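> Pasting start.txt here (compact mmCIF, C-alpha atoms (C1' of nucleotides)):
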# COMPACT_ATOMS: atom_id res chain seq x y z
CA MET H 1 -35.93 56.47 27.84
CA THR H 2 -33.22 56.21 30.43
CA GLY H 3 -30.58 57.24 27.95
CA VAL H 4 -27.97 55.93 30.32
CA LYS H 5 -25.58 53.48 28.70
CA ARG H 6 -24.10 50.92 30.98
CA GLY H 7 -21.41 48.41 30.31
CA ARG H 8 -18.53 48.64 27.88
CA PRO H 9 -19.20 51.25 25.22
CA ARG H 10 -19.02 50.42 21.54
CA ASP H 11 -15.86 51.21 19.68
CA GLU H 12 -16.73 53.83 17.09
CA ALA H 13 -13.61 53.06 15.11
CA ILE H 14 -15.10 49.64 14.46
CA ASP H 15 -18.22 51.18 12.94
CA ALA H 16 -16.05 53.15 10.55
CA ALA H 17 -13.98 50.10 9.68
CA ILE H 18 -17.12 48.09 8.97
CA ILE H 19 -18.62 50.74 6.70
CA ASP H 20 -15.34 51.07 4.88
CA ALA H 21 -14.97 47.33 4.39
CA THR H 22 -18.58 47.10 3.27
CA ILE H 23 -18.06 49.72 0.58
CA GLU H 24 -15.04 47.93 -0.79
CA GLU H 25 -16.83 44.60 -0.76
CA LEU H 26 -19.83 46.23 -2.39
CA ILE H 27 -17.66 47.66 -5.16
CA ALA H 28 -15.86 44.39 -5.68
CA HIS H 29 -18.76 41.95 -5.53
CA GLY H 30 -21.99 43.94 -5.63
CA PHE H 31 -25.05 43.67 -3.45
CA ALA H 32 -25.77 40.07 -4.36
CA GLY H 33 -22.20 39.11 -3.58
CA LEU H 34 -22.03 40.92 -0.27
CA SER H 35 -21.21 38.50 2.54
CA MET H 36 -21.18 39.21 6.25
CA GLU H 37 -18.17 36.95 6.67
CA ALA H 38 -16.16 38.74 4.03
CA VAL H 39 -16.96 42.14 5.54
CA ALA H 40 -15.98 40.96 9.01
CA ALA H 41 -12.77 39.47 7.67
CA ARG H 42 -11.85 42.61 5.73
CA ALA H 43 -12.66 44.87 8.66
CA GLY H 44 -10.60 42.62 10.93
CA ILE H 45 -13.37 42.01 13.45
CA ALA H 46 -15.41 39.09 14.72
CA LYS H 47 -18.68 38.18 13.07
CA THR H 48 -20.44 38.66 16.41
CA THR H 49 -19.41 42.29 16.50
CA LEU H 50 -20.82 42.82 13.03
CA TYR H 51 -24.16 41.12 13.69
CA ARG H 52 -24.64 43.17 16.84
CA ARG H 53 -24.91 46.31 14.68
CA TRP H 54 -26.50 45.10 11.45
CA SER H 55 -28.43 41.89 11.44
CA ASN H 56 -28.28 41.21 7.70
CA THR H 57 -26.53 42.24 4.52
CA LYS H 58 -29.34 44.45 3.27
CA GLU H 59 -29.28 46.77 6.27
CA LEU H 60 -25.52 46.84 6.15
CA ALA H 61 -25.50 47.74 2.48
CA ILE H 62 -27.97 50.56 2.98
CA ALA H 63 -25.95 51.92 5.90
CA ALA H 64 -22.77 51.87 3.83
CA MET H 65 -24.55 53.57 0.96
CA CYS H 66 -25.88 56.33 3.18
CA SER H 67 -22.35 57.19 4.23
CA PHE H 68 -22.07 58.88 0.84
CA GLU H 69 -24.82 61.26 1.79
CA GLN H 70 -23.60 64.82 1.86
CA SER H 71 -25.18 68.08 2.83
CA VAL H 72 -25.83 69.89 -0.41
CA GLN H 73 -25.34 73.60 -0.48
CA GLY H 74 -27.08 75.98 -2.83
CA PRO H 75 -25.09 77.85 -5.44
CA PRO H 76 -23.87 81.39 -4.73
CA GLU H 77 -25.66 84.35 -6.25
CA GLY H 78 -25.04 84.76 -9.93
CA SER H 79 -26.40 84.27 -13.42
CA VAL H 80 -28.45 81.22 -14.30
CA ARG H 81 -25.53 79.99 -16.34
CA ASP H 82 -23.03 80.35 -13.52
CA GLN H 83 -25.32 78.73 -10.99
CA LEU H 84 -25.91 75.79 -13.32
CA VAL H 85 -22.20 75.37 -13.89
CA CYS H 86 -21.63 75.50 -10.14
CA LEU H 87 -24.23 72.83 -9.36
CA VAL H 88 -23.29 70.50 -12.19
CA ASP H 89 -19.63 70.89 -11.39
CA ALA H 90 -20.30 69.82 -7.81
CA MET H 91 -21.98 66.78 -9.26
CA ARG H 92 -18.99 66.18 -11.51
CA ARG H 93 -16.59 66.24 -8.58
CA LYS H 94 -18.64 63.63 -6.75
CA TRP H 95 -18.92 61.33 -9.76
CA ASN H 96 -15.22 61.64 -10.51
CA ASP H 97 -14.51 59.87 -7.23
CA PRO H 98 -13.96 56.24 -8.25
CA ARG H 99 -15.65 54.91 -5.13
CA TYR H 100 -18.68 57.11 -5.63
CA SER H 101 -19.17 56.17 -9.26
CA ALA H 102 -18.56 52.51 -8.51
CA ILE H 103 -21.22 52.51 -5.80
CA MET H 104 -23.67 54.33 -8.03
CA ARG H 105 -23.04 51.73 -10.71
CA ARG H 106 -23.87 49.00 -8.26
CA ILE H 107 -26.97 50.77 -6.99
CA THR H 108 -28.42 51.22 -10.45
CA GLY H 109 -27.35 47.76 -11.52
CA ASP H 110 -28.96 46.04 -8.56
CA GLY H 111 -31.96 48.33 -8.56
CA VAL H 112 -34.25 45.57 -9.78
CA SER H 113 -33.41 43.02 -7.13
CA ASN H 114 -32.79 45.59 -4.43
CA PRO H 115 -35.41 48.32 -4.80
CA GLU H 116 -35.06 49.53 -1.22
CA ALA H 117 -31.37 50.23 -1.63
CA TYR H 118 -32.06 51.93 -4.94
CA ARG H 119 -34.73 54.15 -3.46
CA GLN H 120 -32.57 55.02 -0.47
CA GLY H 121 -29.61 55.88 -2.63
CA ARG H 122 -31.65 57.94 -5.01
CA ASP H 123 -33.62 59.85 -2.38
CA ARG H 124 -30.73 60.62 -0.09
CA ILE H 125 -27.87 61.18 -2.53
CA VAL H 126 -29.11 62.59 -5.81
CA THR H 127 -32.61 63.99 -5.20
CA PRO H 128 -31.54 66.98 -3.07
CA HIS H 129 -29.13 68.01 -5.78
CA ILE H 130 -31.79 67.68 -8.44
CA ARG H 131 -34.17 69.94 -6.51
CA LEU H 132 -31.61 72.72 -6.55
CA LEU H 133 -31.02 72.28 -10.26
CA ASP H 134 -34.71 72.43 -11.08
CA ARG H 135 -35.09 75.64 -9.10
CA VAL H 136 -32.37 77.32 -11.13
CA LEU H 137 -33.88 76.06 -14.38
CA ARG H 138 -37.26 77.55 -13.48
CA ARG H 139 -35.54 80.82 -12.75
CA GLY H 140 -33.98 80.56 -16.20
CA VAL H 141 -37.43 80.46 -17.73
CA ASP H 142 -38.59 83.37 -15.60
CA ASP H 143 -35.57 85.42 -16.57
CA GLY H 144 -36.13 84.73 -20.27
CA VAL H 145 -32.88 82.78 -20.68
CA ILE H 146 -34.69 79.51 -21.46
CA ARG H 147 -37.65 79.37 -23.81
CA PRO H 148 -40.87 78.93 -21.85
CA ASP H 149 -42.10 75.88 -23.76
CA ALA H 150 -39.06 73.78 -22.82
CA ASP H 151 -39.60 70.54 -20.90
CA LEU H 152 -37.52 71.34 -17.85
CA VAL H 153 -37.28 67.76 -16.65
CA TRP H 154 -35.71 66.80 -19.95
CA VAL H 155 -33.51 69.86 -19.92
CA ARG H 156 -32.17 68.77 -16.56
CA GLN H 157 -31.63 65.36 -18.07
CA MET H 158 -29.66 66.80 -20.97
CA ILE H 159 -27.42 68.74 -18.62
CA THR H 160 -26.73 66.05 -16.03
CA SER H 161 -26.74 62.83 -18.06
CA PRO H 162 -23.35 63.16 -19.76
CA ILE H 163 -21.62 63.09 -16.39
CA MET H 164 -23.42 59.98 -15.27
CA ALA H 165 -23.13 58.16 -18.57
CA ALA H 166 -19.45 59.01 -18.93
CA THR H 167 -18.50 57.77 -15.49
CA LEU H 168 -20.90 54.84 -15.58
CA THR H 169 -19.79 53.46 -18.92
CA LEU H 170 -16.58 55.04 -20.10
CA ARG H 171 -14.97 55.21 -16.68
CA ASP H 172 -13.39 58.44 -17.79
CA ARG H 173 -12.93 61.49 -15.67
CA VAL H 174 -15.02 64.45 -16.70
CA SER H 175 -13.34 67.84 -16.86
CA LYS H 176 -14.76 71.16 -15.77
CA ALA H 177 -14.41 72.39 -19.34
CA GLN H 178 -16.75 69.62 -20.49
CA ILE H 179 -19.29 70.70 -17.89
CA GLU H 180 -19.15 74.27 -19.12
CA THR H 181 -19.48 73.10 -22.71
CA THR H 182 -22.56 71.11 -21.80
CA VAL H 183 -24.28 73.93 -19.93
CA ASP H 184 -23.41 76.52 -22.55
CA THR H 185 -24.47 74.31 -25.44
CA VAL H 186 -27.83 73.47 -23.90
CA LEU H 187 -28.52 77.06 -22.86
CA ARG H 188 -27.61 78.37 -26.30
CA GLY H 189 -29.72 75.69 -27.91
CA LEU H 190 -32.70 76.52 -25.73
CA ALA H 191 -32.50 80.30 -25.95
CA PRO H 192 -35.86 81.87 -26.84
CA MET F 1 -12.46 18.18 -39.82
CA THR F 2 -14.93 15.43 -40.47
CA GLY F 3 -17.89 17.70 -39.88
CA VAL F 4 -20.06 14.65 -39.62
CA LYS F 5 -22.21 14.60 -36.50
CA ARG F 6 -23.16 11.22 -35.22
CA GLY F 7 -25.54 10.31 -32.47
CA ARG F 8 -28.63 12.15 -31.36
CA PRO F 9 -28.50 15.79 -32.45
CA ARG F 10 -28.91 18.63 -29.97
CA ASP F 11 -32.29 20.20 -29.59
CA GLU F 12 -31.98 23.80 -30.74
CA ALA F 13 -35.15 24.75 -28.94
CA ILE F 14 -33.32 23.98 -25.73
CA ASP F 15 -30.57 26.44 -26.57
CA ALA F 16 -33.17 29.15 -27.01
CA ALA F 17 -34.93 28.21 -23.79
CA ILE F 18 -31.64 28.34 -21.90
CA ILE F 19 -30.69 31.76 -23.25
CA ASP F 20 -34.13 33.06 -22.46
CA ALA F 21 -34.07 31.71 -18.93
CA THR F 22 -30.57 33.08 -18.42
CA ILE F 23 -31.64 36.56 -19.42
CA GLU F 24 -34.52 36.54 -16.99
CA GLU F 25 -32.34 35.21 -14.20
CA LEU F 26 -29.72 37.81 -15.06
CA ILE F 27 -32.27 40.58 -14.84
CA ALA F 28 -33.70 39.29 -11.59
CA HIS F 29 -30.50 38.43 -9.73
CA GLY F 30 -27.58 39.86 -11.67
CA PHE F 31 -24.31 38.26 -12.68
CA ALA F 32 -23.23 37.49 -9.14
CA GLY F 33 -26.58 35.87 -8.40
CA LEU F 34 -26.70 33.81 -11.56
CA SER F 35 -26.97 30.13 -10.72
CA MET F 36 -26.76 27.19 -13.07
CA GLU F 37 -29.41 25.37 -11.09
CA ALA F 38 -31.85 28.24 -11.28
CA VAL F 39 -31.36 28.59 -15.03
CA ALA F 40 -31.89 24.87 -15.56
CA ALA F 41 -35.00 24.93 -13.41
CA ARG F 42 -36.46 27.96 -15.18
CA ALA F 43 -35.68 26.53 -18.61
CA GLY F 44 -37.23 23.22 -17.56
CA ILE F 45 -34.20 21.12 -18.40
CA ALA F 46 -31.74 18.94 -16.57
CA LYS F 47 -28.52 20.38 -15.23
CA THR F 48 -26.57 17.91 -17.35
CA THR F 49 -28.01 19.39 -20.50
CA LEU F 50 -26.97 22.84 -19.42
CA TYR F 51 -23.40 21.93 -18.47
CA ARG F 52 -22.91 20.18 -21.78
CA ARG F 53 -23.21 23.57 -23.53
CA TRP F 54 -21.77 26.05 -21.07
CA SER F 55 -19.47 24.83 -18.34
CA ASN F 56 -19.86 27.77 -15.99
CA THR F 57 -22.00 30.82 -15.29
CA LYS F 58 -19.59 33.31 -16.82
CA GLU F 59 -19.68 31.74 -20.29
CA LEU F 60 -23.42 31.36 -20.03
CA ALA F 61 -23.88 35.00 -19.09
CA ILE F 62 -21.75 36.19 -21.98
CA ALA F 63 -23.68 34.00 -24.41
CA ALA F 64 -26.98 35.35 -23.16
CA MET F 65 -25.71 38.90 -23.44
CA CYS F 66 -24.53 38.42 -26.99
CA SER F 67 -28.04 37.42 -28.00
CA PHE F 68 -28.84 41.11 -27.85
CA GLU F 69 -26.35 41.78 -30.60
CA GLN F 70 -28.03 43.22 -33.64
CA SER F 71 -26.85 44.11 -37.11
CA VAL F 72 -26.72 47.88 -37.19
CA GLN F 73 -27.73 49.61 -40.34
CA GLY F 74 -26.54 53.00 -41.44
CA PRO F 75 -28.99 55.87 -41.66
CA PRO F 76 -30.63 56.74 -45.02
CA GLU F 77 -29.39 59.68 -47.04
CA GLY F 78 -30.35 63.02 -45.57
CA SER F 79 -29.23 66.02 -43.58
CA VAL F 80 -26.86 65.64 -40.68
CA ARG F 81 -29.75 66.47 -38.39
CA ASP F 82 -32.04 63.83 -39.85
CA GLN F 83 -29.34 61.17 -39.82
CA LEU F 84 -28.54 61.92 -36.20
CA VAL F 85 -32.21 61.72 -35.25
CA CYS F 86 -32.49 58.43 -37.10
CA LEU F 87 -29.50 56.86 -35.35
CA VAL F 88 -30.33 58.13 -31.89
CA ASP F 89 -33.93 57.10 -32.31
CA ALA F 90 -32.84 53.56 -33.15
CA MET F 91 -30.89 53.63 -29.91
CA ARG F 92 -33.94 54.92 -28.09
CA ARG F 93 -36.07 52.05 -29.34
CA LYS F 94 -33.55 49.52 -28.10
CA TRP F 95 -33.21 51.13 -24.69
CA ASN F 96 -36.96 51.44 -24.31
CA ASP F 97 -37.16 47.65 -24.28
CA PRO F 98 -37.29 46.77 -20.56
CA ARG F 99 -35.20 43.66 -21.05
CA TYR F 100 -32.53 45.52 -22.95
CA SER F 101 -32.23 48.34 -20.43
CA ALA F 102 -32.29 45.89 -17.53
CA ILE F 103 -29.45 43.88 -19.03
CA MET F 104 -27.45 47.00 -19.75
CA ARG F 105 -27.96 48.07 -16.16
CA ARG F 106 -26.57 44.76 -14.98
CA ILE F 107 -23.63 44.89 -17.37
CA THR F 108 -22.54 48.33 -16.23
CA GLY F 109 -23.22 47.49 -12.61
CA ASP F 110 -21.11 44.35 -12.66
CA GLY F 111 -18.46 45.85 -14.90
CA VAL F 112 -15.92 45.90 -12.09
CA SER F 113 -16.23 42.29 -11.04
CA ASN F 114 -16.98 41.01 -14.53
CA PRO F 115 -14.77 42.95 -16.94
CA GLU F 116 -14.97 40.32 -19.66
CA ALA F 117 -18.74 40.51 -19.81
CA TYR F 118 -18.57 44.28 -19.78
CA ARG F 119 -16.10 44.39 -22.64
CA GLN F 120 -18.09 41.87 -24.65
CA GLY F 121 -21.31 43.76 -24.14
CA ARG F 122 -19.77 47.08 -24.98
CA ASP F 123 -17.86 45.94 -28.05
CA ARG F 124 -20.63 43.92 -29.61
CA ILE F 125 -23.71 45.93 -28.71
CA VAL F 126 -22.97 49.62 -28.48
CA THR F 127 -19.67 50.22 -30.26
CA PRO F 128 -20.95 49.61 -33.83
CA HIS F 129 -23.70 52.15 -33.24
CA ILE F 130 -21.24 54.68 -31.88
CA ARG F 131 -19.05 54.36 -34.96
CA LEU F 132 -21.94 55.35 -37.19
CA LEU F 133 -22.78 58.31 -34.98
CA ASP F 134 -19.22 59.59 -35.01
CA ARG F 135 -19.12 59.42 -38.79
CA VAL F 136 -22.21 61.61 -39.08
CA LEU F 137 -20.81 64.05 -36.55
CA ARG F 138 -17.60 64.42 -38.55
CA ARG F 139 -19.69 65.08 -41.62
CA GLY F 140 -21.49 67.75 -39.60
CA VAL F 141 -18.16 69.51 -39.07
CA ASP F 142 -17.23 69.17 -42.74
CA ASP F 143 -20.58 70.57 -43.82
CA GLY F 144 -20.25 73.55 -41.50
CA VAL F 145 -23.21 72.56 -39.34
CA ILE F 146 -21.06 71.96 -36.25
CA ARG F 147 -18.32 74.34 -35.25
CA PRO F 148 -14.92 72.86 -36.05
CA ASP F 149 -13.44 73.29 -32.57
CA ALA F 150 -16.08 71.09 -30.93
CA ASP F 151 -14.93 67.96 -29.06
CA LEU F 152 -16.85 65.38 -31.06
CA VAL F 153 -16.51 62.63 -28.48
CA TRP F 154 -18.18 64.84 -25.93
CA VAL F 155 -20.78 65.95 -28.45
CA ARG F 156 -21.70 62.33 -28.98
CA GLN F 157 -21.87 61.96 -25.24
CA MET F 158 -24.25 64.92 -24.96
CA ILE F 159 -26.53 63.46 -27.59
CA THR F 160 -26.65 59.86 -26.43
CA SER F 161 -26.35 60.13 -22.65
CA PRO F 162 -29.89 61.31 -21.84
CA ILE F 163 -31.32 58.10 -23.25
CA MET F 164 -29.04 55.91 -21.23
CA ALA F 165 -29.33 57.91 -18.03
CA ALA F 166 -33.10 58.14 -18.31
CA THR F 167 -33.61 54.42 -18.78
CA LEU F 168 -30.84 53.46 -16.37
CA THR F 169 -31.92 55.61 -13.48
CA LEU F 170 -35.38 57.01 -14.04
CA ARG F 171 -36.74 53.87 -15.64
CA ASP F 172 -38.89 56.06 -17.84
CA ARG F 173 -39.60 55.55 -21.48
CA VAL F 174 -38.04 58.11 -23.77
CA SER F 175 -40.19 59.61 -26.52
CA LYS F 176 -39.13 60.39 -30.06
CA ALA F 177 -39.94 64.05 -29.39
CA GLN F 178 -37.36 64.06 -26.60
CA ILE F 179 -34.78 62.65 -29.00
CA GLU F 180 -35.50 65.37 -31.52
CA THR F 181 -35.31 68.00 -28.81
CA THR F 182 -31.93 66.70 -27.75
CA VAL F 183 -30.44 66.61 -31.24
CA ASP F 184 -31.86 69.99 -32.20
CA THR F 185 -30.75 71.63 -28.97
CA VAL F 186 -27.20 70.35 -29.24
CA LEU F 187 -26.92 71.21 -32.94
CA ARG F 188 -28.27 74.69 -32.38
CA GLY F 189 -25.96 75.15 -29.43
CA LEU F 190 -22.96 74.04 -31.43
CA ALA F 191 -23.68 75.95 -34.64
CA PRO F 192 -20.66 77.95 -35.84
C1' DG Y 1 -28.79 -3.58 -36.22
C1' DT Y 2 -25.07 -1.21 -34.03
C1' DA Y 3 -22.44 2.65 -32.51
C1' DT Y 4 -22.76 7.20 -30.84
C1' DA Y 5 -24.48 11.24 -28.66
C1' DT Y 6 -28.33 13.75 -26.27
C1' DC Y 7 -31.55 14.18 -22.61
C1' DG Y 8 -33.88 13.67 -17.92
C1' DA Y 9 -33.34 12.27 -13.35
C1' DT Y 10 -30.84 11.57 -9.37
C1' DA Y 11 -27.10 11.39 -6.24
C1' DC Y 12 -22.68 12.70 -4.46
C1' DG Y 13 -18.80 15.29 -1.99
C1' DC Y 14 -17.38 19.87 -1.48
C1' DA Y 15 -17.29 24.71 -0.40
C1' DA Y 16 -19.25 29.14 1.05
C1' DC Y 17 -22.43 31.65 4.05
C1' DC Y 18 -26.05 32.10 6.89
C1' DG Y 19 -27.68 33.23 11.62
C1' DT Y 20 -27.09 31.64 16.32
C1' DA Y 21 -24.85 30.17 20.42
C1' DT Y 22 -21.23 29.86 23.83
C1' DC Y 23 -17.19 31.20 26.21
C1' DG Y 24 -13.71 34.14 28.48
C1' DA Y 25 -11.43 38.65 28.58
C1' DA Y 26 -11.85 43.63 28.65
C1' DA Y 27 -14.05 48.12 29.47
C1' DT Y 28 -17.34 51.15 31.70
C1' DC Y 29 -21.03 52.75 35.11
C1' DT Y 30 -23.18 52.57 39.75
C1' DA A 1 -16.86 45.36 44.23
C1' DG A 2 -20.59 44.19 41.26
C1' DA A 3 -23.49 44.61 37.31
C1' DT A 4 -23.56 45.21 32.47
C1' DT A 5 -22.18 45.37 27.84
C1' DT A 6 -18.72 44.84 24.15
C1' DC A 7 -15.41 42.15 21.74
C1' DG A 8 -12.73 38.08 19.79
C1' DA A 9 -12.72 33.32 18.97
C1' DT A 10 -14.83 29.23 17.88
C1' DA A 11 -18.30 26.00 16.90
C1' DC A 12 -22.70 24.49 15.22
C1' DG A 13 -26.69 22.91 12.00
C1' DG A 14 -28.84 24.32 7.82
C1' DT A 15 -29.08 25.95 3.18
C1' DT A 16 -27.52 26.78 -1.39
C1' DG A 17 -24.94 26.09 -5.30
C1' DC A 18 -21.00 23.94 -7.52
C1' DG A 19 -19.15 20.51 -10.79
C1' DT A 20 -19.12 15.54 -11.56
C1' DA A 21 -20.86 11.00 -12.05
C1' DT A 22 -24.09 7.49 -13.08
C1' DC A 23 -28.21 5.69 -14.84
C1' DG A 24 -31.82 4.37 -18.54
C1' DA A 25 -34.41 6.10 -22.41
C1' DT A 26 -34.24 8.24 -26.94
C1' DA A 27 -32.84 9.84 -31.49
C1' DT A 28 -29.69 9.85 -35.33
C1' DA A 29 -25.74 8.15 -38.56
C1' DC A 30 -23.30 4.31 -40.45
Spell out the structure here as structure tokens.

Amino acid sequence: MTGVKRGRPRDEAIDAAIIDATIEELIAHGFAGLSMEAVAARAGIAKTTLYRRWSNTKELAIAAMCSFEQSVQGPPEGSVRDQLVCLVDAMRRKWNDPRYSAIMRRITGDGVSNPEAYRQGRDRIVTPHIRLLDRVLRRGVDDGVIRPDADLVWVRQMITSPIMAATLTLRDRVSKAQIETTVDTVLRGLAP
Amino acid sequence: MTGVKRGRPRDEAIDAAIIDATIEELIAHGFAGLSMEAVAARAGIAKTTLYRRWSNTKELAIAAMCSFEQSVQGPPEGSVRDQLVCLVDAMRRKWNDPRYSAIMRRITGDGVSNPEAYRQGRDRIVTPHIRLLDRVLRRGVDDGVIRPDADLVWVRQMITSPIMAATLTLRDRVSKAQIETTVDTVLRGLAP
DNA sequence: GTATATCGATACGCAACCGTATCGAAATCT
DNA sequence: AGATTTCGATACGGTTGCGTATCGATATAC
């Protein structure tokens, strides 16, 4: 572990350009259509420079995907309803980004042939958010806002799915009002 | 328009074998990874025989996709609730088929790079079902079961999305009980 | 029987990528 | 200055798939 780096240092701007080009190629052609040559060409660099960092398309794709990872922050204090709206609205804002939804489309679509990428994307991008949601839902049961016999996993599904399905299939933006409608409808429907 | 076919007739069993092989290749490798050679090999036929019917992968993929088209039948007489459950449950049964959900995953995933296939799949497979659902929802408003200021497009989204999201991302089967929970929760939440 | 079309098998030239190698110029540390 | 590493450019052999062409064998209509 010398830790000392000798020789010419790597250009960090090139890393960013590669990731950016990879995302656009991924959106345009998918995982199966991702080509090292196309990425290098789009990023405006030599193939050698690309292979020095990622030795194949799979690693490159996973690296590009992980650039969407964000630190999730818990909702501020408030009612179960307000916390749910806050969390789901954060999800809405992410999915309303065309690049984000396009990548998620690709990840789910290529999940069969690319299980590693699917697992990575799921674990690092959506799972943390889901944990927070589930915690609030359990609090809802404890507080008597949600009936105790409700299947909370399915409740979470009912609340979050419309965002995903709308952006995955309709390619429509989702409004904050629609988020509130969803949360309020489900909570009212599941009141004890 | 002679309509008279001379020469050796085409073997219809081969058409079926091709479509079947195409679907499996599509599931395994996606639209971008679909190869005429692989389809011919899996179907156990010569490449010539394949090219005689479909001259490129795009036409072949669309043909394979359209084989999932089904004649939709309206729900039997009954309450708005029962008709909704009937329609959504029919949707559930289709999505619970691994081949169906896998193909739908691929279609949405490759929607960007393959808009024709996406449009075909959407128009022929899901749209007819959606029309029936919307009709029942409008009747729900007329009958006073659903509050009149509800956004019916979003209501449909709330009812149908959990099935799609669950099979698209979780890869879990959806039970009929979960369908009933969804319909009942949304209807109760949207009661006037 | 003859014309016509399908089917399997095989081969072909062509293009796109792969992953590697080589070379010289440039940037940084000791 | 000298060692070391990055970067761009280019070339290479190998693989895969494309779309077409050419066979001979086979099945049907006229």
> Provide an axis-aligned box for all listed atoms of stretch 1-16 of chain A, padding each side by 8 Å; report its centre and its edge lengths in Å to one decimal, as lines of an AutoDock Vina configuration file.

center_x = -20.9
center_y = 34.1
center_z = 21.4
size_x = 32.4
size_y = 38.5
size_z = 61.6
> Up to 10 Å from chain Y, what residues of chain F turn up? Count all atoms listed in the file and give them as a PyMOL selection string.
chain F and resi 5-11+45-49+52
> Closest to chain A among H:Ala40, H:Ile19, H:Ala28, H:Met104, using only C-alpha atoms (C1' of nucleotides)?
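Ranking H:Ala40, H:Ile19, H:Ala28, H:Met104 by distance to chain A, first place goes to H:Ala40.
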> Find the residues around stretch 108-116 of chain H up to 10 Å (only C-alpha atoms (C1' of nucleotides) counted), leave out those fewer than 5 positions away in its own chain, and share them as an MDAnalysis selection string.
(chainID H and resid 30:32 58:59 62 103 121:122 168) or (chainID F and resid 27:31 33 102:111 168:170)
> So, with all atoms listed in the file as the atoms that count, which of F:Glu77, F:Glu37, F:Asp143, F:Asp134 lies closest to chain A?
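Result for the nearest residue to chain A: F:Glu37.
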> Which of these residues is nearest to F:Gln70, using all atoms listed in the file: F:Ala43, F:Val174, F:Ala38, F:Met91?
F:Met91
> So that I can see what lies close to F:Ala16, please list as a list of chain:residue names the residues with an atom at most 12 Å from it, counting only C-alpha atoms (C1' of nucleotides) and leaving out residues fewer than 3 positions away in the same chain.
F:Arg10, F:Asp11, F:Glu12, F:Ala13, F:Ile19, F:Asp20, F:Ala21, F:Thr22, F:Ile23, F:Ala43, F:Gly44, F:Ile45, F:Leu50, F:Arg53, F:Ala63, F:Ala64, F:Ser67
> With all atoms listed in the file as the basis for distance, which of F:Val141, F:Leu190, F:His129, F:Trp95 is at the shortest distance from F:Asp172?
F:Trp95
> Counting all atoms listed in the file, which residues from chain A have an atom at most 7 Å from any atom of chain H, and could you show them as a ChimeraX atom specification?
/A:4-8
> Please measure the separation of atom CA of F:Glu180 and atom CA of F:Asp89, giving the value in Å to one decimal.
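Distance reported for this atom pair: 8.5 Å.
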> Excluding same-chain residues fewer than 2 positions from F:Arg173, what lies within 10 Å of it counting all atoms listed in the file, as a ChimeraX atom specification?
/F:92-93,95-98,163,166-167,170-171,175-176
> Env of H:Gly189: 7 Å cut, atoms = only C-alpha atoms (C1' of nucleotides), seq-sep filter 2 positions within chain, self excluded. Answer as JSON, numbers by chain.
{"H": [185, 186, 187, 191], "F": [185, 186, 188, 189]}
> What is the atom CA of H:Ile159 to atom CA of H:Gln120 distance in Å?
23.3 Å
> Between F:Leu26, F:Val126, F:Ala61, F:Val136, which is the closest to F:Arg99 once you count all atoms listed in the file?
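So, comparing all the options, the nearest one is F:Leu26.
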> Which one is closest to chain F: H:Met65, H:Met158, H:Ile179, H:Leu133? Count only C-alpha atoms.
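Distance minimum relative to chain F lands on H:Met158.
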> Could you check how far atom CA of H:Cys86 sits from atom CA of H:Leu132, in Å to one decimal?
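Here the two named atoms are 11.0 Å from each other.
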> How would you write as a ChimeraX atom specification the residues that get within 10 Å of (-19.0, 21.4, -10.0) in the file's frame, counting all atoms listed in the file?
/F:51,55-56 /Y:14 /A:17-20
